[in-house]
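Chemist: There's a structure below that I have some questions on.
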Amino acid sequence: MEEFHYESSSTTFTNEEKCAVEIVVYISKDLGDEQQNLVVSALEKTNGIIGAEFCLMRNHLVLAKYDRNMMSSQDVLKSFNSLNLEAKLIGPI
């Protein structure tokens, strides 16, 4: 498999972006919009989690972005489960 490298003098990435990993997490609970917003807010306050968003068409799936230098995918999963969400890791993006 070939590797592709993108280089551009006009594109710069922050350290956070360079170390960011995106994963998909499945949650078994049905959450309404307000509950989803509370989950996203709580996750984004977690040190090491850069962002989180629910999939619009599949509201049991959450895309979570985290800093791999600060935490692992299992740490992210623990953050979900600390909110009583019965989460399971699907995998990386």
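Residue numbering restarts at 1 for every chain of the structure tokens, chains are lettered A, B, ... in their displayed order, and ligands are numbered from 1 as they appear.
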So that I can check the surroundings of Ala42 (chain A), please list as a list in words every protein, DNA and RNA residue that reaches within 12 Å of it, counting only C-alpha atoms and ignoring chain neighbours fewer than 6 positions away.
Modeler: Gln35, Gln36, Ile49, Ile50, Gly51, Ala52, Glu53, Ser79, Phe80, Asn81, Ser82 and Leu83 of chain A
Chemist: Excluding Tyr26 (chain A) and residues on its chain fewer than 3 positions from it, collect all residues at most 8 Å away from it, counting only C-alpha atoms, and give them as a list in words.
Modeler: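 Non-adjacent residues within range: His60, Leu61, Val62, Ala87, Lys88, Leu89 and Ile90 of chain A.
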Chemist: Select, from A:Ile93, A:Ala20, A:Cys55, A:Leu43, the residue with the minimum atom-to-atom distance to Lys78 (chain A), counting only C-alpha atoms.
Modeler: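 Using only C-alpha atoms, Lys78 (chain A) sits closest to A:Leu43.
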Chemist: Could you please determine the separation between CA of Leu85 (chain A) and CA of Cys19 (chain A) in Å, to one decimal place?
Modeler: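 Going from CA of Leu85 (chain A) over to CA of Cys19 (chain A) covers 26.1 Å.
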Chemist: Find the distance between CA of Glu22 (chain A) and CA of Ser72 (chain A) and write it in Å to one decimal.
Modeler: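 Computed distance, CA of Glu22 (chain A) to CA of Ser72 (chain A), equals 11.0 Å.
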Chemist: Just to confirm, what's the straight-line distance from CA of Lys18 (chain A) to CA of Met57 (chain A) in Å (one decimal)?
Modeler: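 We find that CA of Lys18 (chain A) and CA of Met57 (chain A) lie 28.7 Å from each other.
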Chemist: Got a sec to tell me which of chain A DSSP assigns to alpha helix (DSSP H), as a list in words?
Modeler: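 Secondary structure check on chain A, alpha helix (DSSP H): Asn15, Glu16, Glu17, Lys18, Asp33, Glu34, Gln35, Gln36, Asn37, Leu38, Val39, Val40, Ser41, Ala42, Leu43, Glu44, Ser73, Gln74, Asp75, Val76, Leu77, Lys78, Ser79, Phe80 and Asn81 of chain A.
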Chemist: For each of A:Val25, A:Arg58, A:Leu38, A:Glu44, take the minimum atom-to-atom distance to Leu77 (chain A), counting only C-alpha atoms, then give the residue where this is smallest.
Modeler: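 That would be A:Val25, the residue with the smallest distance to Leu77 (chain A).
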